[in-house]
Amino acid sequence: MIIDLFHKAGTWVKAILPLYLFTMTPLLCSCDNMEREDRLIYEKPAAAKRAVLLEDFTGQRCINCPTATDVISELQQTYGEDVVIAVGIHGGKLGFSGYATTIGLATEVGNEYYDHWKLEYQPVGLVNRHSPVDYPQWAAAVKEELTQAAPLNLTATATMVTDGNITITIEAYGTDGTTTGKLQVWLLEDNITALQLMPDGTANRNYVHHHVLRTPVNGTWGEDFTISEGYTKQLEFTQSISNNWDTRNLSIVAFVYNDNGVQQVTKTKVE
């Protein structure tokens, strides 16, 4: 059909049509090449918002520990509880395991962590799992960590289910290079009224303890974990509930760490 139309066309059309096709062909090919190049351009993920893990090694028989807790409260008021994520690890020399009529918050895993880091006194803390520092230096250590880039995003959801267990979903998204280390998931409880020795030496039986480590969800030291930039990884866990935990006050903390410290951390309330 195109050939018939070409023969029927006038002299002017016959003269100009080959020139038009010759001119347009490279333009069409050029557009196609540009589209293919555009499709190959890599866009780096947006930088992850850094959060800081503060592991507070504390004990109910520690008279200076309430003062350290006040420092944590000030840091969280300054930066937000989702930015400075504190975990109270009870154990060590000043931990208290409890009696029949008195609640104790020390745990075997708390003692194991205390011994692992070769701690000799309380209160003392690890800020993103760097060298232990005394509570007067926590603010400076947190501020320094917040200037560092995070190589991944972490989010967590946790829900009570009908069988009395907690279902936990952790989602990670790599934003900078490849991160290799361990993923640790912990269960915490807030608003526990229990004995605490105070700075003046008195025993306060109505002291309210927050962010108390109850148990690790995926082992004492977590599990192997690797994620690369631009990739998403999702993991699921189940945690049974102890009778002495108040399910209204439970939360999950998840973090990725390696020899360079904690790379990212997140916290979510158990719904």
# chains A, B, ... in the order shown; residues from 1 in each chain; ligands from 1
call {"tool": "residues_around", "arguments": {"residues": "Trp117 in chain A", "least_positions_apart": "4", "cutoff": "12 Å", "atoms": "only C-alpha atoms", "output": "list in words"}}
result
Glu55, Phe57, Gly92, Gly110, Asn111, Glu112, Tyr113, Tyr121, Val124, Gly125, Leu126, Arg129, His130, Ser131, Pro132 and Val133 of chain A
call {"tool": "residues_around", "arguments": {"residues": "Ser240 in chain A", "least_positions_apart": "4", "cutoff": "7 Å", "atoms": "only C-alpha atoms", "output": "PyMOL selection string"}}
result
chain A and resi 164-166
call {"tool": "atom_distance", "arguments": {"atom1": "CA of Thr102 in chain A", "atom2": "CA of Val212 in chain A"}}
result
16.5 Å
call {"tool": "residues_around", "arguments": {"residues": "Ala48 in chain A", "least_positions_apart": "6", "cutoff": "8 Å", "atoms": "only C-alpha atoms", "output": "PDB file with N, CA and C atoms, in the first residue's frame"}}
result
ATOM      1  N   ALA A 149      26.800   7.848  59.986  1.00  0.00           N
ATOM      2  CA  ALA A 149      25.786   7.342  59.055  1.00  0.00           C
ATOM      3  C   ALA A 149      25.431   5.904  59.408  1.00  0.00           C
ATOM      4  N   ALA A 150      24.183   5.556  59.190  1.00  0.00           N
ATOM      5  CA  ALA A 150      23.731   4.175  59.390  1.00  0.00           C
ATOM      6  C   ALA A 150      23.622   3.487  58.028  1.00  0.00           C
ATOM      7  N   PRO A 151      24.087   2.245  57.912  1.00  0.00           N
ATOM      8  CA  PRO A 151      24.080   1.577  56.609  1.00  0.00           C
ATOM      9  C   PRO A 151      22.790   0.820  56.293  1.00  0.00           C
ATOM     10  N   LEU A 152      21.822   0.869  57.190  1.00  0.00           N
ATOM     11  CA  LEU A 152      20.568   0.175  56.927  1.00  0.00           C
ATOM     12  C   LEU A 152      19.451   0.776  57.763  1.00  0.00           C
ATOM     13  N   ASN A 153      18.225   0.534  57.299  1.00  0.00           N
ATOM     14  CA  ASN A 153      17.018   0.839  58.070  1.00  0.00           C
ATOM     15  C   ASN A 153      16.501  -0.444  58.708  1.00  0.00           C
ATOM     16  N   THR A 175      21.010   0.448  52.904  1.00  0.00           N
ATOM     17  CA  THR A 175      21.106   1.779  52.302  1.00  0.00           C
ATOM     18  C   THR A 175      22.523   2.179  51.927  1.00  0.00           C
TER      19      THR A 175
END
call {"tool": "select_by_dssp", "arguments": {"residues": "range 37-269 of chain A", "states": "alpha helix (DSSP H)", "output": "MDAnalysis selection string"}}
result
chainID A and resid 37:40 65:79 108:116 138:145
call {"tool": "write_last_selection", "arguments": {"atoms": "N, CA and C atoms", "output": "short mmCIF file (atom, residue, chain, number, x, y, z; two decimals), in the first residue's frame"}}
result
data_model
loop_
_atom_site.label_atom_id
_atom_site.label_comp_id
_atom_site.auth_asym_id
_atom_site.auth_seq_id
_atom_site.Cartn_x
_atom_site.Cartn_y
_atom_site.Cartn_z
N GLU A 37 19.57 3.91 28.34
CA GLU A 37 20.55 4.41 29.29
C GLU A 37 19.86 4.88 30.56
N ASP A 38 18.71 5.58 30.40
CA ASP A 38 17.97 6.05 31.57
C ASP A 38 17.57 4.89 32.47
N ARG A 39 17.18 3.80 31.86
CA ARG A 39 16.74 2.65 32.65
C ARG A 39 17.90 2.02 33.43
N LEU A 40 19.14 2.29 33.04
CA LEU A 40 20.29 1.69 33.69
C LEU A 40 20.90 2.57 34.77
N CYS A 65 22.48 3.88 90.46
CA CYS A 65 21.76 3.54 89.23
C CYS A 65 20.54 4.43 88.96
N PRO A 66 19.78 4.86 89.97
CA PRO A 66 18.69 5.80 89.69
C PRO A 66 19.18 7.10 89.05
N THR A 67 20.38 7.55 89.41
CA THR A 67 20.93 8.76 88.79
C THR A 67 21.24 8.52 87.32
N ALA A 68 21.77 7.34 87.02
CA ALA A 68 22.02 6.99 85.61
C ALA A 68 20.72 6.92 84.83
N THR A 69 19.67 6.43 85.47
CA THR A 69 18.36 6.37 84.81
C THR A 69 17.86 7.77 84.49
N ASP A 70 18.14 8.73 85.36
CA ASP A 70 17.76 10.12 85.09
C ASP A 70 18.49 10.66 83.87
N VAL A 71 19.73 10.27 83.68
CA VAL A 71 20.49 10.69 82.51
C VAL A 71 19.84 10.15 81.24
N ILE A 72 19.40 8.89 81.29
CA ILE A 72 18.71 8.31 80.14
C ILE A 72 17.43 9.08 79.82
N SER A 73 16.68 9.42 80.85
CA SER A 73 15.43 10.18 80.64
C SER A 73 15.72 11.52 79.97
N GLU A 74 16.79 12.19 80.39
CA GLU A 74 17.14 13.48 79.78
C GLU A 74 17.54 13.31 78.32
N LEU A 75 18.29 12.26 78.02
CA LEU A 75 18.69 12.01 76.64
C LEU A 75 17.48 11.73 75.76
N GLN A 76 16.54 10.96 76.28
CA GLN A 76 15.35 10.64 75.49
C GLN A 76 14.44 11.85 75.32
N GLN A 77 14.42 12.73 76.29
CA GLN A 77 13.67 13.97 76.13
C GLN A 77 14.31 14.86 75.07
N THR A 78 15.63 14.82 74.99
CA THR A 78 16.36 15.65 74.02
C THR A 78 16.23 15.11 72.60
N TYR A 79 16.42 13.81 72.42
CA TYR A 79 16.49 13.23 71.08
C TYR A 79 15.26 12.40 70.69
N GLU A 108 19.85 -14.49 84.16
CA GLU A 108 21.07 -15.21 83.81
C GLU A 108 21.76 -14.57 82.61
N VAL A 109 20.96 -14.13 81.63
CA VAL A 109 21.56 -13.51 80.45
C VAL A 109 22.17 -12.17 80.82
N GLY A 110 21.56 -11.45 81.78
CA GLY A 110 22.15 -10.21 82.24
C GLY A 110 23.51 -10.44 82.87
N ASN A 111 23.62 -11.50 83.66
CA ASN A 111 24.91 -11.86 84.25
C ASN A 111 25.93 -12.23 83.19
N GLU A 112 25.46 -12.94 82.16
CA GLU A 112 26.37 -13.35 81.08
C GLU A 112 26.91 -12.14 80.33
N TYR A 113 26.04 -11.19 80.02
CA TYR A 113 26.51 -9.97 79.35
C TYR A 113 27.48 -9.20 80.24
N TYR A 114 27.18 -9.10 81.53
CA TYR A 114 28.04 -8.39 82.47
C TYR A 114 29.44 -9.00 82.49
N ASP A 115 29.50 -10.32 82.53
CA ASP A 115 30.79 -11.01 82.55
C ASP A 115 31.50 -10.90 81.20
N HIS A 116 30.74 -10.97 80.11
CA HIS A 116 31.35 -10.92 78.78
C HIS A 116 32.10 -9.61 78.55
N TRP A 138 27.68 9.52 78.95
CA TRP A 138 26.73 8.98 78.00
C TRP A 138 26.25 10.02 76.99
N ALA A 139 26.02 11.22 77.46
CA ALA A 139 25.48 12.26 76.56
C ALA A 139 26.45 12.54 75.41
N ALA A 140 27.74 12.67 75.72
CA ALA A 140 28.74 12.93 74.68
C ALA A 140 28.85 11.75 73.72
N ALA A 141 28.79 10.53 74.27
CA ALA A 141 28.90 9.35 73.41
C ALA A 141 27.70 9.23 72.48
N VAL A 142 26.51 9.51 72.99
CA VAL A 142 25.31 9.46 72.15
C VAL A 142 25.38 10.52 71.05
N LYS A 143 25.78 11.71 71.41
CA LYS A 143 25.89 12.80 70.43
C LYS A 143 26.86 12.44 69.31
N GLU A 144 27.97 11.82 69.66
CA GLU A 144 28.95 11.42 68.66
C GLU A 144 28.38 10.35 67.74
N GLU A 145 27.67 9.37 68.30
CA GLU A 145 27.10 8.31 67.48
C GLU A 145 26.05 8.84 66.50
#
call {"tool": "closest_residue", "arguments": {"among": "A:Asn204, A:Thr232, A:Ser97, A:Asn260", "to": "Pro45 in chain A", "atoms": "only C-alpha atoms"}}
result
A:Thr232
call {"tool": "closest_residue", "arguments": {"among": "A:Cys62, A:Leu146, A:Ala156, A:Ile168", "to": "Thr268 in chain A", "atoms": "only C-alpha atoms"}}
result
A:Ala156
call {"tool": "residues_around", "arguments": {"residues": "range 181-198 of chain A", "least_positions_apart": "4", "cutoff": "7 Å", "atoms": "only C-alpha atoms", "output": "ChimeraX atom specification"}}
result
/A:60-63,66,103,202-218,221-226,249-258
call {"tool": "select_by_dssp", "arguments": {"residues": "range 31-195 of chain A", "states": "strand (DSSP E or B)", "output": "MDAnalysis selection string"}}
result
chainID A and resid 48 52:58 84:90 98 103 124:127 133 150 152:160 166:174 178:189 192:195
call {"tool": "atom_distance", "arguments": {"atom1": "CA of Ala106 in chain A", "atom2": "CA of Thr159 in chain A"}}
result
25.7 Å
